[in-house]
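Contents: one structure, followed by commentary.
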Protein chains: 2
Amino acid sequence: VTLDELPTPCAVVDRARLIKNCDRLKAIAKKHGVALRPHLKTSKCTEIAELAMDAHRLATVSTIAEAEHFRALDLIYAVGITPDKYARVPSGVAVITDDAGVARSLPDDARVWVEVDSGHHRGGVDVESDTLIEIGRALGSRTAGVLTHAGHSYAHGADVVAIAEQERSIAVRAKERLVSAGLSCPRVSIGSTPTATHAERLDGVDEIRPGVYVFGDLSQASIGSCARSDIAFTVIASVIGRGWIDAGALALSADRSMDAHGGGYGEVNALDGTPLGRVDRLNQEHGRVPALSLPVGARVRITPNHACITAAMFDRYYVVEEDRVIGEWPRLRG
Amino acid sequence: VTLDELPTPCAVVDRARLIKNCDRLKAIAKKHGVALRPHLKTSKCTEIAELAMDAHRLATVSTIAEAEHFRALDLIYAVGITPDKYARVPSGVAVITDDAGVARSLPDDARVWVEVDSGHHRGGVDVESDTLIEIGRALGSRTAGVLTHAGHSYAHGADVVAIAEQERSIAVRAKERLVSAGLSCPRVSIGSTPTATHAERLDGVDEIRPGVYVFGDLSQASIGSCARSDIAFTVIASVIGRGWIDAGALALSADRSMDAHGGGYGEVNALDGTPLGRVDRLNQEHGRVPALSLPVGARVRITPNHACITAAMFDRYYVVEEDRVIGEWPRLRG
């Protein structure tokens, strides 16, 4: 089976690029002497998780379904836990919190990472706050470590090298404060694909948690986290009319994270690589590619803005070597 | 079980509002003397399809998976067919085309609607074009009718009454041209939720194909296709931190169709209806609601911009009467 024969729209993973991307982050972790704890939310796929994890078999997940699905040795469910959700987290899976009340409410055998804000301002306590110490005290020996995610490193034009150092230094400082207060803090966990690939040093860090690097995408390429030629995930679509393809919002997602770089919902190429422009408008099952003049039934290949979100639109990946389909890997839903 | 006890994020359908919405469109179709052929892509749900269809059991779908799933008496797969896809369309399901080459390529027993452009400029031949006649001639007795979708009626600020008349008159004109050329054209099919709810007359039309009316959403309310109090589909989320909820891009979708009305990814209310603002930023599993100060674990209810796209993020609907969960309906994937 070739790309020309797949049912469209469908998601395709280039196996050689995927393996190269996985090997690259393993090498980065090794160079810095830190463990790699890949975030599996990007692929939600057992086969890709196995390629991404190293011998330590650490991993990060963002849903309870993922926590139930993946067989790692040590998993962090890295979205701020709520007390009612804790009951559904599989036994042994570590959780995160930035809330002292939640910290107090968790059971004795919980393993809890204290989330620290390193500038993303999404979750996490201020590193210099009393709350940090209050949570550490509330958790006591249940503290697995401090954890942060510098999500602001994804922003176009961000100084990723500086953000990587900010992420590192704030996380290390959080540990120092806990230890100085006589509290337990076994580990320091940081990371995102941009900061992991741009960091100049990771002193004091125990592990990194990048995710989207397995695939790469236009956003990551635009901030220098991967090369265009490293992008391993694409969508195959069919031309269904003058200027329209059968990949709409339910194939590409409505993600517009490349608005700062010319906008659109993804870059379109012919299967031979000829550039055909961008998807500039979406309906549920229709995508518009202005000036597209290929005949009805012709195939095109779309490189998405944000692989994590676009991949979530599919239930399986077709795995390819060059243009030949060599397998099909299921993707977890939820 | 109440809304406070559901696992979040989750999709909720208000049964009373859903039935009211279904009854409303049945009454509109009856008033105009046309058949109702609901588009099932919005709900992708058997139970909702059964409420939406009338005794004629006509329906519209937008994927082959839907065509395989739904048990209607007469189904149209209403995305421009490609020759290779036709082989996967279940026997008896009608298809659409605006391409003379495709029309010629379809088998003798195909039932084919000729797609006409009524101003949306997505698919469809120009009503005054030679191509219309060429396709009608190529199809011969395989022509099921002419079909159009005035998708430009969704645009904020559009004159929906005028677009409804444009949709009707262009579709009727297409039939007139085919018939004048001595060609077969049994039926005229038009429709969208905005035009179906705004149309002043439907002379010459045989059927309407609205979809999102079963749920309604902020977009439809903003153009007057439904009242805010008719919206039957919402997402329940939990507060996971200061200003953040556990509904991100994989719960709400990245749809920004309300940008013209203040932007954001959906309106947030407390379960008691107190307005809490809008979701103004999304990550994969996180949504930001500025100034949200409810405690971690508190529930909120989000009304989405575009129900079709947001509903696609979920595998099931929790069906509620007031705040009580009375059932769970699976949603088709694909």
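FYI, nothing fancy with the structure tokens labels: chains A, B, ... in order, residues from 1 per chain, ligands from 1 as they appear.
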
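Taking only range 44-167 of chain B, the residues that DSSP calls strand (DSSP E) from the backbone come to Leu58, Ala59, Thr60, Val61, Asp74, Leu75, Ile76, Tyr77, Ala94, Val95, Ile96, Thr97, Val112, Trp113, Val114, Glu115, Thr143, Ala144, Gly145, Val146 and Leu147 of chain B.
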
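The set of residues in range 144-175 of chain B assigned to helix (DSSP H, G or I) by DSSP, using only backbone atoms of this structure, is Gly151, His152, Ser153, Tyr154, Val160, Val161, Ala162, Ile163, Ala164, Glu165, Gln166, Glu167, Arg168, Ser169, Ile170, Ala171, Val172, Arg173, Ala174 and Lys175 of chain B.
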
Write the residues you've just listed into a file as a CSV table (one decimal), in the first residue's frame, and include N, CA, C and O atoms for each of them.
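Done, and the output landed in again35.csv:
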```
chain,number,residue,atom,x,y,z
B,151,GLY,N,-23.5,27.7,3.1
B,151,GLY,CA,-22.7,27.8,4.3
B,151,GLY,C,-22.3,29.2,4.7
B,151,GLY,O,-21.9,29.4,5.8
B,152,HIS,N,-22.4,30.1,3.7
B,152,HIS,CA,-22.1,31.5,4.0
B,152,HIS,C,-23.1,32.1,5.0
B,152,HIS,O,-22.9,33.2,5.5
B,153,SER,N,-24.2,31.4,5.2
B,153,SER,CA,-25.2,31.9,6.2
B,153,SER,C,-24.7,31.9,7.6
B,153,SER,O,-25.3,32.5,8.5
B,154,TYR,N,-23.6,31.2,7.9
B,154,TYR,CA,-23.1,31.1,9.2
B,154,TYR,C,-22.3,32.3,9.6
B,154,TYR,O,-21.9,32.5,10.8
B,160,VAL,N,-29.2,36.6,6.8
B,160,VAL,CA,-29.6,35.2,6.6
B,160,VAL,C,-30.9,35.0,5.8
B,160,VAL,O,-31.0,34.1,5.1
B,161,VAL,N,-31.8,36.0,6.0
B,161,VAL,CA,-33.1,35.9,5.2
B,161,VAL,C,-32.8,35.9,3.7
B,161,VAL,O,-33.3,35.1,2.9
B,162,ALA,N,-31.9,36.9,3.4
B,162,ALA,CA,-31.6,37.0,2.0
B,162,ALA,C,-30.8,35.8,1.5
B,162,ALA,O,-31.0,35.3,0.3
B,163,ILE,N,-29.9,35.3,2.3
B,163,ILE,CA,-29.1,34.1,1.9
B,163,ILE,C,-30.0,32.9,1.7
B,163,ILE,O,-29.9,32.0,0.8
B,164,ALA,N,-31.0,32.8,2.6
B,164,ALA,CA,-32.0,31.6,2.5
B,164,ALA,C,-32.7,31.7,1.2
B,164,ALA,O,-32.9,30.7,0.5
B,165,GLU,N,-33.1,32.9,0.8
B,165,GLU,CA,-33.8,33.0,-0.5
B,165,GLU,C,-32.9,32.8,-1.7
B,165,GLU,O,-33.2,32.1,-2.7
B,166,GLN,N,-31.6,33.2,-1.5
B,166,GLN,CA,-30.6,32.9,-2.6
B,166,GLN,C,-30.4,31.4,-2.7
B,166,GLN,O,-30.3,30.9,-3.8
B,167,GLU,N,-30.3,30.7,-1.6
B,167,GLU,CA,-30.1,29.3,-1.6
B,167,GLU,C,-31.3,28.6,-2.3
B,167,GLU,O,-31.1,27.7,-3.2
B,168,ARG,N,-32.5,29.0,-1.9
B,168,ARG,CA,-33.7,28.4,-2.5
B,168,ARG,C,-33.7,28.7,-4.0
B,168,ARG,O,-33.9,27.8,-4.8
B,169,SER,N,-33.6,29.9,-4.4
B,169,SER,CA,-33.8,30.3,-5.8
B,169,SER,C,-32.8,29.7,-6.7
B,169,SER,O,-33.1,29.3,-7.8
B,170,ILE,N,-31.5,29.6,-6.2
B,170,ILE,CA,-30.5,29.1,-7.1
B,170,ILE,C,-30.7,27.5,-7.3
B,170,ILE,O,-30.5,27.0,-8.4
B,171,ALA,N,-31.1,26.9,-6.2
B,171,ALA,CA,-31.3,25.4,-6.3
B,171,ALA,C,-32.5,25.1,-7.2
B,171,ALA,O,-32.4,24.2,-8.1
B,172,VAL,N,-33.6,25.9,-7.1
B,172,VAL,CA,-34.7,25.8,-8.0
B,172,VAL,C,-34.4,26.1,-9.4
B,172,VAL,O,-34.8,25.4,-10.3
B,173,ARG,N,-33.6,27.1,-9.6
B,173,ARG,CA,-33.1,27.5,-11.0
B,173,ARG,C,-32.3,26.3,-11.6
B,173,ARG,O,-32.4,26.0,-12.8
B,174,ALA,N,-31.5,25.7,-10.8
B,174,ALA,CA,-30.7,24.6,-11.3
B,174,ALA,C,-31.6,23.4,-11.8
B,174,ALA,O,-31.3,22.9,-12.9
B,175,LYS,N,-32.6,23.1,-11.0
B,175,LYS,CA,-33.5,22.1,-11.5
B,175,LYS,C,-34.2,22.5,-12.8
B,175,LYS,O,-34.3,21.7,-13.7
```

Could the residues of chain B that have an atom at most 6 Å from chain A be listed as a Markdown table, each with its closest atom pair and the distance in Å to one decimal, counting only C-alpha atoms and ordered by chain and ascending residue number?
```
| residue | atom | partner | partner_atom | distance |
| --- | --- | --- | --- | --- |
| B:Gly80 | CA | A:Ile240 | CA | 5.6 |
| B:Thr82 | CA | A:Gly297 | CA | 5.1 |
| B:Ile240 | CA | A:Gly80 | CA | 5.6 |
| B:Ala254 | CA | A:Ala254 | CA | 5.0 |
| B:Asp255 | CA | A:Ala254 | CA | 5.2 |
| B:Gly297 | CA | A:Thr82 | CA | 5.1 |
```

Prev. selection, N, CA and C atoms, output as an mmCIF file, in the first residue's frame:
```
data_model
loop_
_atom_site.group_PDB
_atom_site.id
_atom_site.type_symbol
_atom_site.label_atom_id
_atom_site.label_comp_id
_atom_site.auth_asym_id
_atom_site.auth_seq_id
_atom_site.Cartn_x
_atom_site.Cartn_y
_atom_site.Cartn_z
ATOM 1 N N GLY B 80 -18.293 16.005 -1.491
ATOM 2 C CA GLY B 80 -17.961 15.675 -2.889
ATOM 3 C C GLY B 80 -17.240 14.336 -3.007
ATOM 4 N N THR B 82 -15.110 11.183 -4.369
ATOM 5 C CA THR B 82 -13.978 10.905 -5.257
ATOM 6 C C THR B 82 -14.152 9.464 -5.742
ATOM 7 N N ILE B 240 -8.975 23.473 38.113
ATOM 8 C CA ILE B 240 -7.759 22.779 38.545
ATOM 9 C C ILE B 240 -6.718 23.738 39.102
ATOM 10 N N ALA B 254 -10.215 23.817 19.212
ATOM 11 C CA ALA B 254 -9.518 25.108 19.096
ATOM 12 C C ALA B 254 -10.344 26.088 18.272
ATOM 13 N N ASP B 255 -11.637 25.808 18.110
ATOM 14 C CA ASP B 255 -12.505 26.648 17.279
ATOM 15 C C ASP B 255 -12.619 28.067 17.835
ATOM 16 N N GLY B 297 -11.447 21.790 42.090
ATOM 17 C CA GLY B 297 -12.457 20.737 42.176
ATOM 18 C C GLY B 297 -13.862 21.221 41.865
#
```

Next on the checklist: I'd like the contact shell of Val34 in chain A - 12 Å cut-off, only C-alpha atoms, skipping same-chain residues fewer than 6 positions apart - returned as an MDAnalysis selection string.
Outcome noted: chainID A and resid 25:28 54 56 58 187:191 196 201:209

With N, CA and C atoms retained, could you export that selection as a PDB file, in the first residue's frame?
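Writing the result to part-v8.pdb gives the following:
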```
ATOM      1  N   LEU A  25      16.465  13.129  21.320  1.00  0.00           N
ATOM      2  CA  LEU A  25      16.193  13.571  22.698  1.00  0.00           C
ATOM      3  C   LEU A  25      16.862  12.656  23.719  1.00  0.00           C
ATOM      4  N   LYS A  26      16.988  11.373  23.389  1.00  0.00           N
ATOM      5  CA  LYS A  26      17.746  10.489  24.286  1.00  0.00           C
ATOM      6  C   LYS A  26      19.188  10.976  24.387  1.00  0.00           C
ATOM      7  N   ALA A  27      19.749  11.380  23.262  1.00  0.00           N
ATOM      8  CA  ALA A  27      21.139  11.866  23.264  1.00  0.00           C
ATOM      9  C   ALA A  27      21.261  13.173  24.051  1.00  0.00           C
ATOM     10  N   ILE A  28      20.262  14.045  23.905  1.00  0.00           N
ATOM     11  CA  ILE A  28      20.289  15.313  24.657  1.00  0.00           C
ATOM     12  C   ILE A  28      20.241  15.027  26.160  1.00  0.00           C
ATOM     13  N   ASP A  54      13.373   5.605  27.417  1.00  0.00           N
ATOM     14  CA  ASP A  54      14.658   4.924  27.467  1.00  0.00           C
ATOM     15  C   ASP A  54      14.575   3.790  28.490  1.00  0.00           C
ATOM     16  N   HIS A  56      15.023   3.593  31.512  1.00  0.00           N
ATOM     17  CA  HIS A  56      14.408   3.891  32.813  1.00  0.00           C
ATOM     18  C   HIS A  56      12.893   3.740  32.778  1.00  0.00           C
ATOM     19  N   LEU A  58      10.494   5.928  32.245  1.00  0.00           N
ATOM     20  CA  LEU A  58       9.732   7.008  32.873  1.00  0.00           C
ATOM     21  C   LEU A  58       8.837   7.624  31.798  1.00  0.00           C
ATOM     22  N   ARG A 187      13.449  15.000  43.783  1.00  0.00           N
ATOM     23  CA  ARG A 187      13.829  15.191  42.380  1.00  0.00           C
ATOM     24  C   ARG A 187      13.366  16.533  41.821  1.00  0.00           C
ATOM     25  N   VAL A 188      13.995  16.915  40.699  1.00  0.00           N
ATOM     26  CA  VAL A 188      13.639  18.132  39.964  1.00  0.00           C
ATOM     27  C   VAL A 188      13.291  17.723  38.530  1.00  0.00           C
ATOM     28  N   SER A 189      12.057  18.023  38.133  1.00  0.00           N
ATOM     29  CA  SER A 189      11.575  17.643  36.805  1.00  0.00           C
ATOM     30  C   SER A 189      11.168  18.889  36.034  1.00  0.00           C
ATOM     31  N   ILE A 190      11.722  19.076  34.851  1.00  0.00           N
ATOM     32  CA  ILE A 190      11.397  20.247  34.039  1.00  0.00           C
ATOM     33  C   ILE A 190      11.120  19.777  32.619  1.00  0.00           C
ATOM     34  N   GLY A 191      10.708  20.727  31.784  1.00  0.00           N
ATOM     35  CA  GLY A 191      10.812  20.393  30.391  1.00  0.00           C
ATOM     36  C   GLY A 191       9.650  20.572  29.477  1.00  0.00           C
ATOM     37  N   ALA A 196      13.999  21.758  26.187  1.00  0.00           N
ATOM     38  CA  ALA A 196      14.918  20.615  26.189  1.00  0.00           C
ATOM     39  C   ALA A 196      15.902  20.701  25.035  1.00  0.00           C
ATOM     40  N   ARG A 201      22.503  24.248  29.755  1.00  0.00           N
ATOM     41  CA  ARG A 201      22.942  23.405  30.877  1.00  0.00           C
ATOM     42  C   ARG A 201      21.726  22.984  31.675  1.00  0.00           C
ATOM     43  N   LEU A 202      21.833  21.870  32.351  1.00  0.00           N
ATOM     44  CA  LEU A 202      20.711  21.376  33.158  1.00  0.00           C
ATOM     45  C   LEU A 202      21.184  20.984  34.560  1.00  0.00           C
ATOM     46  N   ASP A 203      22.140  21.743  35.105  1.00  0.00           N
ATOM     47  CA  ASP A 203      22.658  21.466  36.450  1.00  0.00           C
ATOM     48  C   ASP A 203      21.520  21.449  37.462  1.00  0.00           C
ATOM     49  N   GLY A 204      21.518  20.450  38.275  1.00  0.00           N
ATOM     50  CA  GLY A 204      20.527  20.375  39.348  1.00  0.00           C
ATOM     51  C   GLY A 204      19.232  19.715  38.928  1.00  0.00           C
ATOM     52  N   VAL A 205      19.092  19.443  37.641  1.00  0.00           N
ATOM     53  CA  VAL A 205      17.865  18.838  37.113  1.00  0.00           C
ATOM     54  C   VAL A 205      18.026  17.321  37.074  1.00  0.00           C
ATOM     55  N   ASP A 206      16.954  16.607  37.405  1.00  0.00           N
ATOM     56  CA  ASP A 206      16.995  15.150  37.351  1.00  0.00           C
ATOM     57  C   ASP A 206      16.370  14.584  36.089  1.00  0.00           C
ATOM     58  N   GLU A 207      15.377  15.299  35.530  1.00  0.00           N
ATOM     59  CA  GLU A 207      14.689  14.716  34.376  1.00  0.00           C
ATOM     60  C   GLU A 207      14.026  15.803  33.541  1.00  0.00           C
ATOM     61  N   ILE A 208      13.826  15.491  32.254  1.00  0.00           N
ATOM     62  CA  ILE A 208      13.143  16.402  31.335  1.00  0.00           C
ATOM     63  C   ILE A 208      11.920  15.703  30.733  1.00  0.00           C
ATOM     64  N   ARG A 209      10.885  16.514  30.435  1.00  0.00           N
ATOM     65  CA  ARG A 209       9.601  15.941  29.995  1.00  0.00           C
ATOM     66  C   ARG A 209       9.121  16.526  28.652  1.00  0.00           C
TER      67      ARG A 209
END
```

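Put simply, CA of Arg316 in chain B is 24.0 Å away from CA of Ala221 in chain B.
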
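Our summary of the geometry notes that CA of Thr197 in chain A is positioned 16.1 Å from CA of Thr148 in chain A.
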
Next on the checklist: Can you tell me which residues surround Glu267 in chain A at a distance of at most 9 Å, considering only C-alpha atoms, apart from same-chain residues fewer than 6 positions away, and format the answer as JSON, numbers by chain?
Outcome noted: {"A": [218, 275, 276, 277, 278, 279, 301, 302, 303, 304, 305]}

Next on the checklist: Report, in Å to a single decimal, how far apart CA of Leu147 in chain A and CA of Gly182 in chain A are.
Outcome noted: 18.6 Å

Checklist entry - Do you know which residues are at most 6 Å from Arg111 in chain B counting only C-alpha atoms, after dropping those on the same chain fewer than 6 positions away, and could you put them as a list in words? => result Ala94, Arg142 and Ala144 of chain B

Convert the current residue selection to file output with all heavy atoms, as a PDB file, in the first residue's frame.
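What landed in part_26.pdb:
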```pdb
ATOM      1  N   ALA B  94     -26.720   7.677  -1.326  1.00  0.00           N
ATOM      2  CA  ALA B  94     -26.521   8.626  -2.417  1.00  0.00           C
ATOM      3  C   ALA B  94     -25.271   9.465  -2.162  1.00  0.00           C
ATOM      4  O   ALA B  94     -24.875   9.667  -1.010  1.00  0.00           O
ATOM      5  CB  ALA B  94     -27.737   9.535  -2.550  1.00  0.00           C
ATOM      6  N   ARG B 142     -29.317   8.488 -13.256  1.00  0.00           N
ATOM      7  CA  ARG B 142     -28.701   8.351 -11.929  1.00  0.00           C
ATOM      8  C   ARG B 142     -28.862   9.626 -11.094  1.00  0.00           C
ATOM      9  O   ARG B 142     -28.558   9.644  -9.908  1.00  0.00           O
ATOM     10  CB  ARG B 142     -27.210   8.013 -12.069  1.00  0.00           C
ATOM     11  CG  ARG B 142     -26.952   6.649 -12.723  1.00  0.00           C
ATOM     12  CD  ARG B 142     -25.472   6.425 -12.948  1.00  0.00           C
ATOM     13  NE  ARG B 142     -24.908   7.452 -13.826  1.00  0.00           N
ATOM     14  CZ  ARG B 142     -23.616   7.608 -14.066  1.00  0.00           C
ATOM     15  NH1 ARG B 142     -22.730   6.822 -13.488  1.00  0.00           N
ATOM     16  NH2 ARG B 142     -23.199   8.561 -14.880  1.00  0.00           N
ATOM     17  N   ALA B 144     -30.229  12.085  -8.679  1.00  0.00           N
ATOM     18  CA  ALA B 144     -31.222  12.075  -7.600  1.00  0.00           C
ATOM     19  C   ALA B 144     -31.859  13.448  -7.425  1.00  0.00           C
ATOM     20  O   ALA B 144     -32.968  13.569  -6.912  1.00  0.00           O
ATOM     21  CB  ALA B 144     -30.564  11.639  -6.297  1.00  0.00           C
TER      22      ALA B 144
END
```

Find the residues around Ala270 in chain B up to 6 Å (only C-alpha atoms counted), leave out those fewer than 3 positions away in its own chain, and share them as a CSV table (one decimal) with all heavy atoms, in the first residue's frame.
```csv
chain,number,residue,atom,x,y,z
B,273,GLY,N,-25.5,28.7,37.0
B,273,GLY,CA,-25.8,29.7,35.9
B,273,GLY,C,-25.1,31.0,36.1
B,273,GLY,O,-25.1,31.8,35.1
B,274,THR,N,-24.4,31.2,37.2
B,274,THR,CA,-23.6,32.5,37.3
B,274,THR,C,-22.6,32.6,36.2
B,274,THR,O,-21.7,31.7,36.1
B,274,THR,CB,-22.9,32.5,38.7
B,274,THR,OG1,-23.9,32.2,39.7
B,274,THR,CG2,-22.3,33.9,39.0
B,300,VAL,N,-17.6,23.7,36.5
B,300,VAL,CA,-18.1,24.8,35.6
B,300,VAL,C,-18.7,24.2,34.4
B,300,VAL,O,-18.5,23.0,34.0
B,300,VAL,CB,-17.0,25.9,35.2
B,300,VAL,CG1,-16.4,26.5,36.5
B,300,VAL,CG2,-16.0,25.2,34.4
```
